[in-house]
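File shown: start_0.tsv. Contents: TSV, C-alpha atoms and all ligand atoms.
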```tsv
chain	number	residue	atom	x	y	z
A	1	MET	CA	143.12	112.71	108.20
A	2	ASP	CA	143.74	115.78	110.30
A	3	PRO	CA	143.46	119.10	108.52
A	4	GLU	CA	146.85	120.39	107.42
A	5	PRO	CA	148.22	122.62	110.20
A	6	ARG	CA	149.16	126.11	109.14
A	7	THR	CA	152.77	127.15	108.72
A	8	THR	CA	153.60	130.68	109.74
A	9	PRO	CA	156.99	132.35	110.24
A	10	SER	CA	156.93	131.61	113.95
A	11	ARG	CA	155.19	128.26	113.91
A	12	HIS	CA	156.43	125.54	111.66
A	13	HIS	CA	154.72	122.26	110.99
A	14	ASP	CA	157.02	119.40	110.07
A	15	PRO	CA	155.04	117.09	107.82
A	16	GLY	CA	157.77	114.46	107.83
A	17	VAL	CA	159.20	115.48	104.50
A	18	SER	CA	161.93	113.16	103.28
A	19	LEU	CA	165.10	114.27	101.57
A	20	ALA	CA	163.95	112.37	98.49
A	21	ARG	CA	161.33	115.03	97.93
A	22	PHE	CA	164.03	117.51	96.93
A	23	THR	CA	165.86	115.23	94.50
A	24	GLY	CA	163.68	116.20	91.53
A	25	ARG	CA	166.03	119.04	90.62
A	26	ILE	CA	169.58	119.04	91.99
A	27	LEU	CA	172.20	121.70	91.30
A	28	VAL	CA	175.67	120.17	90.98
A	29	VAL	CA	179.17	121.15	89.90
A	30	CYS	CA	179.54	120.36	86.18
A	31	PRO	CA	182.12	117.58	85.64
A	32	ARG	CA	183.44	119.33	82.54
A	33	CYS	CA	183.53	123.09	83.18
A	34	GLY	CA	183.08	123.41	86.96
A	35	GLY	CA	180.03	125.63	86.51
A	36	ARG	CA	176.47	124.89	87.60
A	37	ALA	CA	174.83	121.82	86.06
A	38	LEU	CA	171.38	120.35	86.73
A	39	VAL	CA	170.47	116.76	87.59
A	40	VAL	CA	166.85	116.05	86.66
A	41	PRO	CA	164.73	113.05	85.63
A	42	ARG	CA	165.39	112.05	82.00
A	43	PRO	CA	163.06	113.82	79.55
A	44	GLY	CA	159.90	111.77	78.96
A	45	VAL	CA	160.03	109.99	82.32
A	46	ALA	CA	156.60	109.86	83.97
A	47	VAL	CA	155.90	112.23	86.86
A	48	PRO	CA	156.29	110.13	90.03
A	49	ARG	CA	153.28	109.23	92.13
A	50	TYR	CA	155.24	109.81	95.30
A	51	TYR	CA	158.56	111.42	96.14
A	52	GLY	CA	160.38	108.20	96.96
A	53	GLU	CA	159.97	107.13	93.35
A	54	LEU	CA	162.33	109.93	92.31
A	55	LEU	CA	165.22	107.80	93.57
A	56	PHE	CA	164.51	105.07	91.00
A	57	GLN	CA	164.23	107.18	87.86
A	58	PRO	CA	166.67	107.45	84.97
A	59	ARG	CA	168.52	110.73	85.34
A	60	ARG	CA	170.17	113.32	83.18
A	61	LEU	CA	172.95	115.70	84.12
A	62	ALA	CA	173.01	118.76	81.85
A	63	CYS	CA	175.09	121.92	81.89
A	64	GLY	CA	173.71	125.00	80.21
A	65	GLY	CA	177.13	126.62	80.25
A	66	CYS	CA	179.32	124.11	78.36
A	67	GLY	CA	176.69	121.72	76.98
A	68	ALA	CA	177.89	118.67	78.92
A	69	VAL	CA	175.23	115.93	79.12
A	70	ALA	CA	175.36	112.60	80.97
A	71	ASP	CA	172.66	109.97	81.50
A	72	ARG	CA	172.30	107.43	84.26
A	73	GLN	CA	170.05	104.40	84.47
A	74	PRO	CA	169.09	103.02	87.87
A	75	GLU	CA	170.98	99.88	88.87
A	76	VAL	CA	169.14	96.61	88.43
A	77	SER	CA	169.17	93.89	91.07
A	78	GLY	CA	167.30	90.73	90.14
A	79	ALA	CA	163.68	91.71	89.51
A	80	GLY	CA	164.01	95.16	91.06
A	81	LEU	CA	165.73	98.48	90.70
A	82	VAL	CA	168.23	99.76	93.26
A	83	GLY	CA	167.34	103.18	94.57
A	84	ALA	CA	169.81	106.04	94.80
A	85	VAL	CA	170.65	106.95	98.40
A	86	PRO	CA	170.22	110.63	99.23
A	87	GLY	CA	172.38	112.29	101.87
A	88	GLY	CA	175.80	113.89	102.15
A	89	SER	CA	177.16	116.70	100.02
A	90	ALA	CA	177.11	114.89	96.65
A	91	ASP	CA	174.07	114.28	94.46
A	92	PRO	CA	172.77	110.71	94.93
A	93	PHE	CA	172.79	109.83	91.21
A	94	PHE	CA	176.08	110.99	89.63
A	95	ARG	CA	177.80	111.71	92.97
A	96	ARG	CA	178.89	115.11	91.78
A	97	PRO	CA	179.58	117.71	94.49
A	98	LEU	CA	176.48	119.81	95.15
A	99	TRP	CA	176.65	123.35	93.77
A	100	LEU	CA	174.88	124.66	96.87
A	101	GLN	CA	177.51	124.31	99.58
A	102	THR	CA	178.89	126.92	101.94
A	103	ARG	CA	180.89	127.01	105.13
A	104	CYS	CA	178.70	127.77	108.12
A	105	ALA	CA	179.29	127.55	111.88
A	106	GLY	CA	182.46	125.53	111.31
A	107	ARG	CA	180.60	122.99	109.14
A	108	VAL	CA	179.45	122.78	105.56
A	109	LEU	CA	175.83	123.62	104.84
A	110	TRP	CA	174.41	122.07	101.67
A	111	ALA	CA	171.16	121.79	99.77
A	112	TYR	CA	169.91	120.19	96.56
A	113	GLY	CA	168.06	123.16	95.10
A	114	GLU	CA	166.06	126.31	95.80
A	115	GLU	CA	163.03	124.45	97.14
A	116	HIS	CA	165.25	122.59	99.59
A	117	VAL	CA	166.83	125.87	100.77
A	118	ASP	CA	163.37	127.35	101.30
A	119	ALA	CA	162.22	124.33	103.30
A	120	LEU	CA	165.32	124.43	105.50
A	121	SER	CA	164.95	128.18	106.03
A	122	ALA	CA	161.33	127.77	107.09
A	123	HIS	CA	162.31	125.08	109.53
A	124	VAL	CA	165.40	126.69	111.05
A	125	GLY	CA	163.73	130.09	111.22
A	126	ALA	CA	160.72	128.80	113.12
A	127	ARG	CA	160.51	129.63	116.81
A	128	LEU	CA	158.24	126.76	117.63
A	129	ARG	CA	158.61	123.47	115.90
A	130	GLU	CA	155.92	120.90	115.61
A	131	ARG	CA	156.10	117.44	114.26
A	132	GLY	CA	153.55	115.81	112.04
A	133	GLY	CA	151.70	112.71	113.14
A	134	ALA	CA	152.87	110.38	110.40
A	135	ARG	CA	156.60	110.57	109.94
A	136	PRO	CA	158.42	108.20	107.64
A	137	THR	CA	161.82	107.05	108.87
A	138	GLY	CA	163.44	109.17	106.19
A	139	ALA	CA	161.97	112.37	107.63
A	140	MET	CA	164.46	115.05	106.78
A	141	PHE	CA	163.78	117.49	109.55
A	142	ALA	CA	163.97	114.95	112.35
A	143	ARG	CA	167.37	113.91	111.00
A	144	LEU	CA	168.94	117.33	110.57
A	145	PRO	CA	172.29	117.56	112.33
A	146	ALA	CA	172.08	119.05	115.82
A	147	TRP	CA	174.23	122.05	114.94
A	148	MET	CA	171.59	123.21	112.46
A	149	LYS	CA	168.90	123.06	115.13
A	150	ARG	CA	170.72	124.91	117.91
A	151	SER	CA	168.93	128.14	118.73
A	152	ASP	CA	172.18	130.03	119.36
A	153	GLN	CA	173.33	129.25	115.82
A	154	ARG	CA	170.04	130.02	114.15
A	155	ALA	CA	171.16	133.41	112.77
A	156	GLU	CA	174.35	131.94	111.38
A	157	VAL	CA	172.54	129.04	109.74
A	158	LEU	CA	169.96	131.37	108.22
A	159	ALA	CA	172.77	133.53	106.82
A	160	GLY	CA	174.33	130.39	105.33
A	161	LEU	CA	171.01	129.46	103.75
A	162	ALA	CA	170.79	132.97	102.27
A	163	THR	CA	174.24	132.40	100.74
A	164	LEU	CA	173.00	129.13	99.22
A	165	ARG	CA	169.95	130.89	97.78
A	166	GLU	CA	172.21	133.42	96.10
A	167	LEU	CA	174.53	130.70	94.79
A	168	ALA	CA	171.53	128.97	93.19
A	169	GLY	CA	171.17	131.88	90.79
A	170	ARG	CA	174.81	131.82	89.70
A	171	THR	CA	176.03	129.49	86.99
A	172	ALA	CA	179.59	130.34	85.89
A	173	PRO	CA	182.62	128.21	86.85
A	174	GLY	CA	184.03	131.29	88.62
A	175	ASP	CA	180.95	131.42	90.86
A	176	ARG	CA	181.68	127.97	92.32
A	177	SER	CA	181.70	128.03	96.12
A	178	ASP	CA	185.05	127.17	97.73
A	179	ALA	CA	183.09	124.55	99.70
A	180	ALA	CA	181.65	122.86	96.60
A	181	TYR	CA	184.16	120.01	96.37
A	182	GLU	CA	184.04	116.29	97.04
A	183	ARG	CA	184.44	115.29	100.64
A	184	GLY	CA	183.48	111.62	100.60
A	185	ASP	CA	180.55	111.91	103.01
A	186	HIS	CA	178.14	109.85	100.93
A	187	PRO	CA	175.92	107.57	103.07
A	188	ARG	CA	176.35	103.83	102.82
A	189	ALA	CA	173.90	102.17	100.48
A	190	HIS	CA	170.98	100.56	102.24
A	191	ARG	CA	169.69	98.55	99.29
A	192	SER	CA	166.25	100.04	98.82
A	193	LEU	CA	164.64	98.12	95.96
A	194	TYR	CA	161.75	98.95	93.68
A	195	PHE	CA	159.31	96.28	92.64
A	196	ARG	CA	156.05	96.62	90.81
A	197	GLY	CA	154.20	97.42	94.02
A	198	GLY	CA	156.45	100.31	94.95
A	199	PRO	CA	159.64	100.88	96.91
A	200	TYR	CA	160.64	98.11	99.24
A	201	GLU	CA	163.10	98.66	102.03
A	202	PRO	CA	164.31	95.47	103.71
A	301	ZN	ZN	179.61	122.66	82.17
```
structure tokens encoding of this file:
Amino acid sequence: MDPEPRTTPSRHHDPGVSLARFTGRILVVCPRCGGRALVVPRPGVAVPRYYGELLFQPRRLACGGCGAVADRQPEVSGAGLVGAVPGGSADPFFRRPLWLQTRCAGRVLWAYGEEHVDALSAHVGARLRERGGARPTGAMFARLPAWMKRSDQRAEVLAGLATLRELAGRTAPGDRSDAAYERGDHPRAHRSLYFRGGPYEP
């Protein structure tokens, strides 16, 4: 293993982080009150050994504002579990619109939670981007849309990310972003299955 390269404000190392990594805590629009709700692993669920496992866990949606609670079990297919598919502006489990959405450079910028916003900010703000040696196919940074990586839009994207960071701290229905609505951009399922040995992607 190579030593972990340093990340500084002007030099960013992309370790091949997948979007799954940020699915441990997702801020969504509450289905009942329209305020901020959280999607997290069900209480008592074991801490995953790797990030991909997060997509196969039972989930709970909970709203601190109105008390709404919903649970979701992963789908079962034969001997395995069907993984949730991250991507698009809805959470991969309940398919609620993400709370962190804002209009930016003619598009909609979205994130799952604060940690995701921080990771995107570090990446977009970097002057020099490096890529890690081992990159899984789900590597988030390699798959960012081109408009987020354009240097002439960097300031605008960073401002959008600052807006998302501020939204993360707001919870009331009246704080909902005008971009935080369903837009049907969920990715097609690709049937990732979980067997005893770990995730399996045909
Ligand atoms: Zn609510």
Practice task
Grab the CA of Arg103 (chain A) to CA of Glu166 (chain A) distance for me, in Å with one decimal place.
Solution key: 14.1 Å
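Selecting all polymer residues at most 8 Å from ligand ZN 301 (chain A), using all atoms listed in the file, gives A:Val29, A:Cys30, A:Pro31, A:Arg32, A:Cys33, A:Gly34, A:Gly35, A:Arg36, A:Ala37, A:Ala62, A:Cys63, A:Gly64, A:Gly65, A:Cys66, A:Gly67, A:Ala68, A:Pro173.
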Handout entry: Nearest-residue call for Trp147 (chain A), choices A:Thr163, A:Arg176, A:Gly106, A:Glu182, using all atoms listed in the file
Key = A:Gly106
Fill in the blank from the handout: The distance between CA of Ala142 (chain A) and CA of Gly87 (chain A) is 13.7 Å
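Among A:Leu38, A:Val82, A:Gln101, A:Ala126, the residue with the shortest atom-to-atom distance to Ala70 (chain A), counting only C-alpha atoms, is A:Leu38.
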Exercise for the section: Would you list the residues near (164.4, 126.7, 100.2), meaning any protein, DNA or RNA residue with an atom at most 12 Å from that point in file coordinates, counting only C-alpha atoms, as a ChimeraX atom specification? Expected result: /A:22,100,110-125,158,160-166,168
Expected file: the selected residues, C-alpha atoms, as a PDB file, in the frame of the given file:
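Final output, saved to part_37.pdb:
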```
ATOM      1  CA  PHE A  22     164.030 117.510  96.930  1.00  0.00           C
ATOM      2  CA  LEU A 100     174.880 124.660  96.870  1.00  0.00           C
ATOM      3  CA  TRP A 110     174.410 122.070 101.670  1.00  0.00           C
ATOM      4  CA  ALA A 111     171.160 121.790  99.770  1.00  0.00           C
ATOM      5  CA  TYR A 112     169.910 120.190  96.560  1.00  0.00           C
ATOM      6  CA  GLY A 113     168.060 123.160  95.100  1.00  0.00           C
ATOM      7  CA  GLU A 114     166.060 126.310  95.800  1.00  0.00           C
ATOM      8  CA  GLU A 115     163.030 124.450  97.140  1.00  0.00           C
ATOM      9  CA  HIS A 116     165.250 122.590  99.590  1.00  0.00           C
ATOM     10  CA  VAL A 117     166.830 125.870 100.770  1.00  0.00           C
ATOM     11  CA  ASP A 118     163.370 127.350 101.300  1.00  0.00           C
ATOM     12  CA  ALA A 119     162.220 124.330 103.300  1.00  0.00           C
ATOM     13  CA  LEU A 120     165.320 124.430 105.500  1.00  0.00           C
ATOM     14  CA  SER A 121     164.950 128.180 106.030  1.00  0.00           C
ATOM     15  CA  ALA A 122     161.330 127.770 107.090  1.00  0.00           C
ATOM     16  CA  HIS A 123     162.310 125.080 109.530  1.00  0.00           C
ATOM     17  CA  VAL A 124     165.400 126.690 111.050  1.00  0.00           C
ATOM     18  CA  GLY A 125     163.730 130.090 111.220  1.00  0.00           C
ATOM     19  CA  LEU A 158     169.960 131.370 108.220  1.00  0.00           C
ATOM     20  CA  GLY A 160     174.330 130.390 105.330  1.00  0.00           C
ATOM     21  CA  LEU A 161     171.010 129.460 103.750  1.00  0.00           C
ATOM     22  CA  ALA A 162     170.790 132.970 102.270  1.00  0.00           C
ATOM     23  CA  THR A 163     174.240 132.400 100.740  1.00  0.00           C
ATOM     24  CA  LEU A 164     173.000 129.130  99.220  1.00  0.00           C
ATOM     25  CA  ARG A 165     169.950 130.890  97.780  1.00  0.00           C
ATOM     26  CA  GLU A 166     172.210 133.420  96.100  1.00  0.00           C
ATOM     27  CA  ALA A 168     171.530 128.970  93.190  1.00  0.00           C
TER      28      ALA A 168
END
```
Problem - Which residue of A:Leu109, A:Val40, A:Val69, A:Leu19 approaches Phe141 (chain A) most closely, using only C-alpha atoms - result: A:Leu19
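Take the candidates A:Met140, A:Val108, A:Leu167, A:Val47 and check each one against Arg21 (chain A) using all atoms listed in the file; the shortest distance goes to A:Met140.
Using all atoms listed in the file, the shortest contact distance between Val39 (chain A) and any of A:Gly169, A:Gly24, A:Gly174, A:Gly80 is found at A:Gly24.
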Problem - From A:Ala46, A:Glu75, A:Val157, A:Pro86, residue lying nearest Arg107 (chain A) [all atoms listed in the file] - result: A:Val157
Practice task
Find the residues around His186 (chain A) up to 7 Å (only C-alpha atoms counted), leave out those fewer than 6 positions away in its own chain, and share them as a PyMOL selection string.
Solution key: chain A and resi 87-90
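Here CA of Thr102 (chain A) is placed at a distance of 12.1 Å from CA of Asp175 (chain A).
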Problem - Residues near Pro58 (chain A), cut-off 6 Å, all atoms listed in the file, skip fewer than 6 positions along chain, as a PyMOL selection string - result: chain A and resi 41-42+72-74
